[in-house]
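> Dropping in data.cif, which is mmCIF, N, CA and C atoms, pLDDT in the B column; chains and numbers go by the auth columns:
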data_start
#
loop_
_atom_site.group_PDB
_atom_site.id
_atom_site.type_symbol
_atom_site.label_atom_id
_atom_site.label_comp_id
_atom_site.label_asym_id
_atom_site.label_seq_id
_atom_site.Cartn_x
_atom_site.Cartn_y
_atom_site.Cartn_z
_atom_site.B_iso_or_equiv
_atom_site.auth_seq_id
_atom_site.auth_asym_id
ATOM 1 N N MET A 1 7.944 14.684 -13.165 61.00 1 A
ATOM 2 C CA MET A 1 7.154 14.221 -14.299 61.00 1 A
ATOM 3 C C MET A 1 8.080 13.994 -15.494 61.00 1 A
ATOM 4 N N ASN A 2 7.883 12.899 -16.178 77.00 2 A
ATOM 5 C CA ASN A 2 8.657 12.613 -17.382 77.00 2 A
ATOM 6 C C ASN A 2 8.141 13.455 -18.540 77.00 2 A
ATOM 7 N N THR A 3 9.057 13.878 -19.386 86.00 3 A
ATOM 8 C CA THR A 3 8.658 14.607 -20.579 86.00 3 A
ATOM 9 C C THR A 3 9.212 13.894 -21.799 86.00 3 A
ATOM 10 N N ILE A 4 8.614 14.152 -22.921 91.00 4 A
ATOM 11 C CA ILE A 4 9.038 13.546 -24.174 91.00 4 A
ATOM 12 C C ILE A 4 9.886 14.565 -24.926 91.00 4 A
ATOM 13 N N SER A 5 10.930 14.105 -25.554 95.00 5 A
ATOM 14 C CA SER A 5 11.805 15.019 -26.293 95.00 5 A
ATOM 15 C C SER A 5 11.058 15.585 -27.507 95.00 5 A
ATOM 16 N N ILE A 6 11.498 16.731 -27.973 95.00 6 A
ATOM 17 C CA ILE A 6 10.871 17.357 -29.141 95.00 6 A
ATOM 18 C C ILE A 6 10.931 16.426 -30.359 95.00 6 A
ATOM 19 N N PRO A 7 12.073 15.817 -30.665 96.00 7 A
ATOM 20 C CA PRO A 7 12.088 14.899 -31.811 96.00 7 A
ATOM 21 C C PRO A 7 11.105 13.722 -31.657 96.00 7 A
ATOM 22 N N ASP A 8 11.019 13.174 -30.441 96.00 8 A
ATOM 23 C CA ASP A 8 10.066 12.084 -30.218 96.00 8 A
ATOM 24 C C ASP A 8 8.630 12.587 -30.308 96.00 8 A
ATOM 25 N N LEU A 9 8.377 13.784 -29.809 94.00 9 A
ATOM 26 C CA LEU A 9 7.037 14.365 -29.901 94.00 9 A
ATOM 27 C C LEU A 9 6.654 14.582 -31.360 94.00 9 A
ATOM 28 N N GLU A 10 7.600 15.007 -32.177 97.00 10 A
ATOM 29 C CA GLU A 10 7.335 15.186 -33.610 97.00 10 A
ATOM 30 C C GLU A 10 7.023 13.850 -34.278 97.00 10 A
ATOM 31 N N LYS A 11 7.711 12.788 -33.859 97.00 11 A
ATOM 32 C CA LYS A 11 7.423 11.455 -34.397 97.00 11 A
ATOM 33 C C LYS A 11 6.015 11.011 -34.009 97.00 11 A
ATOM 34 N N VAL A 12 5.639 11.277 -32.765 96.00 12 A
ATOM 35 C CA VAL A 12 4.295 10.940 -32.297 96.00 12 A
ATOM 36 C C VAL A 12 3.249 11.703 -33.114 96.00 12 A
ATOM 37 N N TYR A 13 3.487 12.992 -33.314 96.00 13 A
ATOM 38 C CA TYR A 13 2.562 13.815 -34.098 96.00 13 A
ATOM 39 C C TYR A 13 2.433 13.261 -35.518 96.00 13 A
ATOM 40 N N ASP A 14 3.570 12.957 -36.147 98.00 14 A
ATOM 41 C CA ASP A 14 3.549 12.443 -37.517 98.00 14 A
ATOM 42 C C ASP A 14 2.785 11.125 -37.600 98.00 14 A
ATOM 43 N N LEU A 15 3.043 10.214 -36.654 98.00 15 A
ATOM 44 C CA LEU A 15 2.351 8.932 -36.653 98.00 15 A
ATOM 45 C C LEU A 15 0.848 9.130 -36.477 98.00 15 A
ATOM 46 N N LEU A 16 0.470 9.998 -35.553 97.00 16 A
ATOM 47 C CA LEU A 16 -0.950 10.250 -35.324 97.00 16 A
ATOM 48 C C LEU A 16 -1.603 10.851 -36.571 97.00 16 A
ATOM 49 N N ALA A 17 -0.949 11.826 -37.186 97.00 17 A
ATOM 50 C CA ALA A 17 -1.500 12.452 -38.392 97.00 17 A
ATOM 51 C C ALA A 17 -1.635 11.439 -39.527 97.00 17 A
ATOM 52 N N GLU A 18 -0.595 10.631 -39.741 98.00 18 A
ATOM 53 C CA GLU A 18 -0.638 9.616 -40.795 98.00 18 A
ATOM 54 C C GLU A 18 -1.723 8.581 -40.521 98.00 18 A
ATOM 55 N N THR A 19 -1.845 8.189 -39.266 98.00 19 A
ATOM 56 C CA THR A 19 -2.853 7.196 -38.905 98.00 19 A
ATOM 57 C C THR A 19 -4.254 7.753 -39.105 98.00 19 A
ATOM 58 N N LEU A 20 -4.484 8.984 -38.682 97.00 20 A
ATOM 59 C CA LEU A 20 -5.799 9.592 -38.880 97.00 20 A
ATOM 60 C C LEU A 20 -6.136 9.712 -40.363 97.00 20 A
ATOM 61 N N ASP A 21 -5.142 10.009 -41.177 97.00 21 A
ATOM 62 C CA ASP A 21 -5.371 10.077 -42.623 97.00 21 A
ATOM 63 C C ASP A 21 -5.726 8.711 -43.204 97.00 21 A
ATOM 64 N N SER A 22 -5.206 7.643 -42.596 98.00 22 A
ATOM 65 C CA SER A 22 -5.447 6.303 -43.131 98.00 22 A
ATOM 66 C C SER A 22 -6.762 5.694 -42.641 98.00 22 A
ATOM 67 N N VAL A 23 -7.320 6.242 -41.570 97.00 23 A
ATOM 68 C CA VAL A 23 -8.580 5.735 -41.023 97.00 23 A
ATOM 69 C C VAL A 23 -9.725 6.442 -41.757 97.00 23 A
ATOM 70 N N SER A 24 -10.749 5.677 -42.107 97.00 24 A
ATOM 71 C CA SER A 24 -11.877 6.305 -42.794 97.00 24 A
ATOM 72 C C SER A 24 -12.483 7.392 -41.898 97.00 24 A
ATOM 73 N N GLU A 25 -12.977 8.429 -42.533 96.00 25 A
ATOM 74 C CA GLU A 25 -13.509 9.580 -41.786 96.00 25 A
ATOM 75 C C GLU A 25 -14.587 9.160 -40.797 96.00 25 A
ATOM 76 N N SER A 26 -15.387 8.181 -41.160 97.00 26 A
ATOM 77 C CA SER A 26 -16.472 7.741 -40.285 97.00 26 A
ATOM 78 C C SER A 26 -15.965 6.996 -39.046 97.00 26 A
ATOM 79 N N LYS A 27 -14.697 6.569 -39.060 98.00 27 A
ATOM 80 C CA LYS A 27 -14.162 5.815 -37.916 98.00 27 A
ATOM 81 C C LYS A 27 -13.104 6.579 -37.133 98.00 27 A
ATOM 82 N N ARG A 28 -12.805 7.808 -37.530 97.00 28 A
ATOM 83 C CA ARG A 28 -11.763 8.576 -36.841 97.00 28 A
ATOM 84 C C ARG A 28 -12.122 8.865 -35.392 97.00 28 A
ATOM 85 N N GLU A 29 -13.358 9.221 -35.152 97.00 29 A
ATOM 86 C CA GLU A 29 -13.774 9.522 -33.776 97.00 29 A
ATOM 87 C C GLU A 29 -13.633 8.289 -32.896 97.00 29 A
ATOM 88 N N LEU A 30 -14.044 7.143 -33.398 98.00 30 A
ATOM 89 C CA LEU A 30 -13.909 5.899 -32.642 98.00 30 A
ATOM 90 C C LEU A 30 -12.440 5.596 -32.376 98.00 30 A
ATOM 91 N N PHE A 31 -11.587 5.779 -33.387 98.00 31 A
ATOM 92 C CA PHE A 31 -10.154 5.560 -33.205 98.00 31 A
ATOM 93 C C PHE A 31 -9.614 6.450 -32.083 98.00 31 A
ATOM 94 N N LEU A 32 -9.979 7.735 -32.098 97.00 32 A
ATOM 95 C CA LEU A 32 -9.476 8.664 -31.088 97.00 32 A
ATOM 96 C C LEU A 32 -9.974 8.308 -29.690 97.00 32 A
ATOM 97 N N VAL A 33 -11.213 7.850 -29.589 97.00 33 A
ATOM 98 C CA VAL A 33 -11.742 7.424 -28.288 97.00 33 A
ATOM 99 C C VAL A 33 -10.967 6.202 -27.786 97.00 33 A
ATOM 100 N N LYS A 34 -10.730 5.235 -28.682 98.00 34 A
ATOM 101 C CA LYS A 34 -9.956 4.055 -28.283 98.00 34 A
ATOM 102 C C LYS A 34 -8.541 4.450 -27.852 98.00 34 A
ATOM 103 N N LEU A 35 -7.925 5.340 -28.616 97.00 35 A
ATOM 104 C CA LEU A 35 -6.585 5.801 -28.266 97.00 35 A
ATOM 105 C C LEU A 35 -6.591 6.505 -26.911 97.00 35 A
ATOM 106 N N ALA A 36 -7.597 7.319 -26.657 96.00 36 A
ATOM 107 C CA ALA A 36 -7.690 8.015 -25.371 96.00 36 A
ATOM 108 C C ALA A 36 -7.856 7.032 -24.220 96.00 36 A
ATOM 109 N N LEU A 37 -8.697 6.029 -24.401 96.00 37 A
ATOM 110 C CA LEU A 37 -8.907 5.050 -23.337 96.00 37 A
ATOM 111 C C LEU A 37 -7.654 4.205 -23.093 96.00 37 A
ATOM 112 N N LEU A 38 -6.972 3.831 -24.161 97.00 38 A
ATOM 113 C CA LEU A 38 -5.710 3.098 -23.990 97.00 38 A
ATOM 114 C C LEU A 38 -4.665 3.969 -23.289 97.00 38 A
ATOM 115 N N SER A 39 -4.642 5.245 -23.624 96.00 39 A
ATOM 116 C CA SER A 39 -3.708 6.179 -22.977 96.00 39 A
ATOM 117 C C SER A 39 -4.037 6.333 -21.497 96.00 39 A
ATOM 118 N N ALA A 40 -5.314 6.470 -21.186 96.00 40 A
ATOM 119 C CA ALA A 40 -5.734 6.596 -19.784 96.00 40 A
ATOM 120 C C ALA A 40 -5.327 5.355 -18.997 96.00 40 A
ATOM 121 N N ASN A 41 -5.504 4.207 -19.607 96.00 41 A
ATOM 122 C CA ASN A 41 -5.120 2.960 -18.942 96.00 41 A
ATOM 123 C C ASN A 41 -3.604 2.904 -18.715 96.00 41 A
ATOM 124 N N GLN A 42 -2.845 3.374 -19.670 95.00 42 A
ATOM 125 C CA GLN A 42 -1.380 3.377 -19.549 95.00 42 A
ATOM 126 C C GLN A 42 -0.925 4.368 -18.470 95.00 42 A
ATOM 127 N N ILE A 43 -1.575 5.526 -18.412 94.00 43 A
ATOM 128 C CA ILE A 43 -1.228 6.552 -17.421 94.00 43 A
ATOM 129 C C ILE A 43 -1.561 6.059 -16.011 94.00 43 A
ATOM 130 N N GLN A 44 -2.646 5.328 -15.880 96.00 44 A
ATOM 131 C CA GLN A 44 -3.094 4.737 -14.621 96.00 44 A
ATOM 132 C C GLN A 44 -3.358 5.772 -13.530 96.00 44 A
ATOM 133 N N ASP A 45 -3.835 6.933 -13.939 96.00 45 A
ATOM 134 C CA ASP A 45 -4.191 7.969 -12.968 96.00 45 A
ATOM 135 C C ASP A 45 -5.325 8.796 -13.566 96.00 45 A
ATOM 136 N N GLY A 46 -6.532 8.532 -13.080 94.00 46 A
ATOM 137 C CA GLY A 46 -7.711 9.198 -13.623 94.00 46 A
ATOM 138 C C GLY A 46 -7.645 10.705 -13.530 94.00 46 A
ATOM 139 N N ALA A 47 -7.115 11.213 -12.425 95.00 47 A
ATOM 140 C CA ALA A 47 -7.037 12.664 -12.242 95.00 47 A
ATOM 141 C C ALA A 47 -6.095 13.296 -13.274 95.00 47 A
ATOM 142 N N VAL A 48 -4.983 12.644 -13.539 94.00 48 A
ATOM 143 C CA VAL A 48 -4.038 13.150 -14.536 94.00 48 A
ATOM 144 C C VAL A 48 -4.700 13.153 -15.909 94.00 48 A
ATOM 145 N N PHE A 49 -5.392 12.066 -16.243 95.00 49 A
ATOM 146 C CA PHE A 49 -6.041 11.997 -17.553 95.00 49 A
ATOM 147 C C PHE A 49 -7.122 13.063 -17.678 95.00 49 A
ATOM 148 N N GLN A 50 -7.896 13.263 -16.632 95.00 50 A
ATOM 149 C CA GLN A 50 -8.923 14.314 -16.659 95.00 50 A
ATOM 150 C C GLN A 50 -8.291 15.684 -16.873 95.00 50 A
ATOM 151 N N ASP A 51 -7.169 15.935 -16.226 94.00 51 A
ATOM 152 C CA ASP A 51 -6.460 17.203 -16.421 94.00 51 A
ATOM 153 C C ASP A 51 -6.008 17.350 -17.871 94.00 51 A
ATOM 154 N N LEU A 52 -5.535 16.274 -18.471 93.00 52 A
ATOM 155 C CA LEU A 52 -5.123 16.309 -19.876 93.00 52 A
ATOM 156 C C LEU A 52 -6.297 16.622 -20.794 93.00 52 A
ATOM 157 N N VAL A 53 -7.446 16.049 -20.498 93.00 53 A
ATOM 158 C CA VAL A 53 -8.654 16.339 -21.290 93.00 53 A
ATOM 159 C C VAL A 53 -8.979 17.823 -21.196 93.00 53 A
ATOM 160 N N HIS A 54 -8.919 18.385 -19.988 93.00 54 A
ATOM 161 C CA HIS A 54 -9.208 19.814 -19.816 93.00 54 A
ATOM 162 C C HIS A 54 -8.172 20.677 -20.544 93.00 54 A
ATOM 163 N N GLN A 55 -6.906 20.270 -20.509 90.00 55 A
ATOM 164 C CA GLN A 55 -5.874 21.019 -21.218 90.00 55 A
ATOM 165 C C GLN A 55 -6.106 20.979 -22.721 90.00 55 A
ATOM 166 N N ALA A 56 -6.481 19.824 -23.241 89.00 56 A
ATOM 167 C CA ALA A 56 -6.721 19.681 -24.684 89.00 56 A
ATOM 168 C C ALA A 56 -7.941 20.499 -25.115 89.00 56 A
ATOM 169 N N LYS A 57 -8.922 20.597 -24.245 90.00 57 A
ATOM 170 C CA LYS A 57 -10.134 21.347 -24.570 90.00 57 A
ATOM 171 C C LYS A 57 -9.871 22.824 -24.742 90.00 57 A
ATOM 172 N N VAL A 58 -8.842 23.337 -24.104 90.00 58 A
ATOM 173 C CA VAL A 58 -8.489 24.753 -24.222 90.00 58 A
ATOM 174 C C VAL A 58 -8.317 25.133 -25.690 90.00 58 A
ATOM 175 N N PHE A 59 -7.775 24.213 -26.482 72.00 59 A
ATOM 176 C CA PHE A 59 -7.552 24.505 -27.894 72.00 59 A
ATOM 177 C C PHE A 59 -8.861 24.545 -28.679 72.00 59 A
ATOM 178 N N GLU A 60 -9.934 24.011 -28.127 62.00 60 A
ATOM 179 C CA GLU A 60 -11.227 24.005 -28.786 62.00 60 A
ATOM 180 C C GLU A 60 -12.034 25.260 -28.497 62.00 60 A
ATOM 181 N N ASP A 61 -11.718 25.946 -27.405 56.00 61 A
ATOM 182 C CA ASP A 61 -12.497 27.131 -27.010 56.00 61 A
ATOM 183 C C ASP A 61 -12.102 28.349 -27.811 56.00 61 A
#
Any chance you could give the structure as structure tokens?


Amino acid sequence: MNTISIPDLEKVYDLLAETLDSVSESKRELFLVKLALLSANQIQDGAVFQDLVHQAKVFED
């Protein structure tokens, strides 16, 4: 499995945070759904994407 370097991961985090700040609050959820669907399409593996959703949900519990 490919991994992203820590510096690149920090850049991704910064871009996501800045982008979320620039999107109106009423459209943030839609933006995140679009980003998730584009990511799923890029990954091209439904099972992997589902696993990622479950991993992300851990932080919500």

> So how far away is atom C of A:Thr19 from atom CA of A:Phe31, in Å?

8.6 Å

> Quick one: distance from atom C of A:Asp51 to atom N of A:Leu35 in Å, one decimal?

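Rounded to one decimal, the two atoms are 16.2 Å apart.
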
> Expressed in Å to a single decimal, how great is the separation between atom CA of A:Ala40 and atom CA of A:Val53?

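Atom CA of A:Val53 lies at a distance of 10.3 Å from atom CA of A:Ala40.
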
> Determine which residues of chain A receive a DSSP assignment of helix (DSSP H, G or I), computed from the backbone, and state them as a ChimeraX atom specification.

/A:6-22,25-43,46-60

> Given 3 Å of margin on each side, can you work out the centre and size in Å (one decimal) of an axis-aligned box holding every listed atom of stretch 3-13 of chain A, as JSON?


{"center_x": 7.3, "center_y": 14.1, "center_z": -27.5, "size_x": 15.7, "size_y": 12.4, "size_z": 22.1}

> Return stretch 6-23 of chain A, completed with N, CA, C and O atoms, as a compact mmCIF listing (two decimals), in the frame of the given file.


# COMPACT_ATOMS: atom_id res chain seq x y z
N ILE A 6 11.50 16.73 -27.97
CA ILE A 6 10.87 17.36 -29.14
C ILE A 6 10.93 16.43 -30.36
O ILE A 6 9.91 16.23 -31.03
N PRO A 7 12.07 15.82 -30.66
CA PRO A 7 12.09 14.90 -31.81
C PRO A 7 11.10 13.72 -31.66
O PRO A 7 10.44 13.34 -32.62
N ASP A 8 11.02 13.17 -30.44
CA ASP A 8 10.07 12.08 -30.22
C ASP A 8 8.63 12.59 -30.31
O ASP A 8 7.75 11.89 -30.82
N LEU A 9 8.38 13.78 -29.81
CA LEU A 9 7.04 14.36 -29.90
C LEU A 9 6.65 14.58 -31.36
O LEU A 9 5.51 14.34 -31.76
N GLU A 10 7.60 15.01 -32.18
CA GLU A 10 7.34 15.19 -33.61
C GLU A 10 7.02 13.85 -34.28
O GLU A 10 6.14 13.77 -35.13
N LYS A 11 7.71 12.79 -33.86
CA LYS A 11 7.42 11.46 -34.40
C LYS A 11 6.02 11.01 -34.01
O LYS A 11 5.29 10.43 -34.82
N VAL A 12 5.64 11.28 -32.76
CA VAL A 12 4.30 10.94 -32.30
C VAL A 12 3.25 11.70 -33.11
O VAL A 12 2.26 11.13 -33.57
N TYR A 13 3.49 12.99 -33.31
CA TYR A 13 2.56 13.82 -34.10
C TYR A 13 2.43 13.26 -35.52
O TYR A 13 1.32 13.11 -36.04
N ASP A 14 3.57 12.96 -36.15
CA ASP A 14 3.55 12.44 -37.52
C ASP A 14 2.78 11.12 -37.60
O ASP A 14 1.97 10.93 -38.51
N LEU A 15 3.04 10.21 -36.65
CA LEU A 15 2.35 8.93 -36.65
C LEU A 15 0.85 9.13 -36.48
O LEU A 15 0.04 8.51 -37.17
N LEU A 16 0.47 10.00 -35.55
CA LEU A 16 -0.95 10.25 -35.32
C LEU A 16 -1.60 10.85 -36.57
O LEU A 16 -2.68 10.43 -36.99
N ALA A 17 -0.95 11.83 -37.19
CA ALA A 17 -1.50 12.45 -38.39
C ALA A 17 -1.64 11.44 -39.53
O ALA A 17 -2.68 11.38 -40.20
N GLU A 18 -0.60 10.63 -39.74
CA GLU A 18 -0.64 9.62 -40.80
C GLU A 18 -1.72 8.58 -40.52
O GLU A 18 -2.44 8.15 -41.44
N THR A 19 -1.84 8.19 -39.27
CA THR A 19 -2.85 7.20 -38.90
C THR A 19 -4.25 7.75 -39.10
O THR A 19 -5.12 7.06 -39.66
N LEU A 20 -4.48 8.98 -38.68
CA LEU A 20 -5.80 9.59 -38.88
C LEU A 20 -6.14 9.71 -40.36
O LEU A 20 -7.29 9.52 -40.76
N ASP A 21 -5.14 10.01 -41.18
CA ASP A 21 -5.37 10.08 -42.62
C ASP A 21 -5.73 8.71 -43.20
O ASP A 21 -6.47 8.63 -44.18
N SER A 22 -5.21 7.64 -42.60
CA SER A 22 -5.45 6.30 -43.13
C SER A 22 -6.76 5.69 -42.64
O SER A 22 -7.25 4.73 -43.23
N VAL A 23 -7.32 6.24 -41.57
CA VAL A 23 -8.58 5.74 -41.02
C VAL A 23 -9.72 6.44 -41.76
O VAL A 23 -9.66 7.65 -41.99
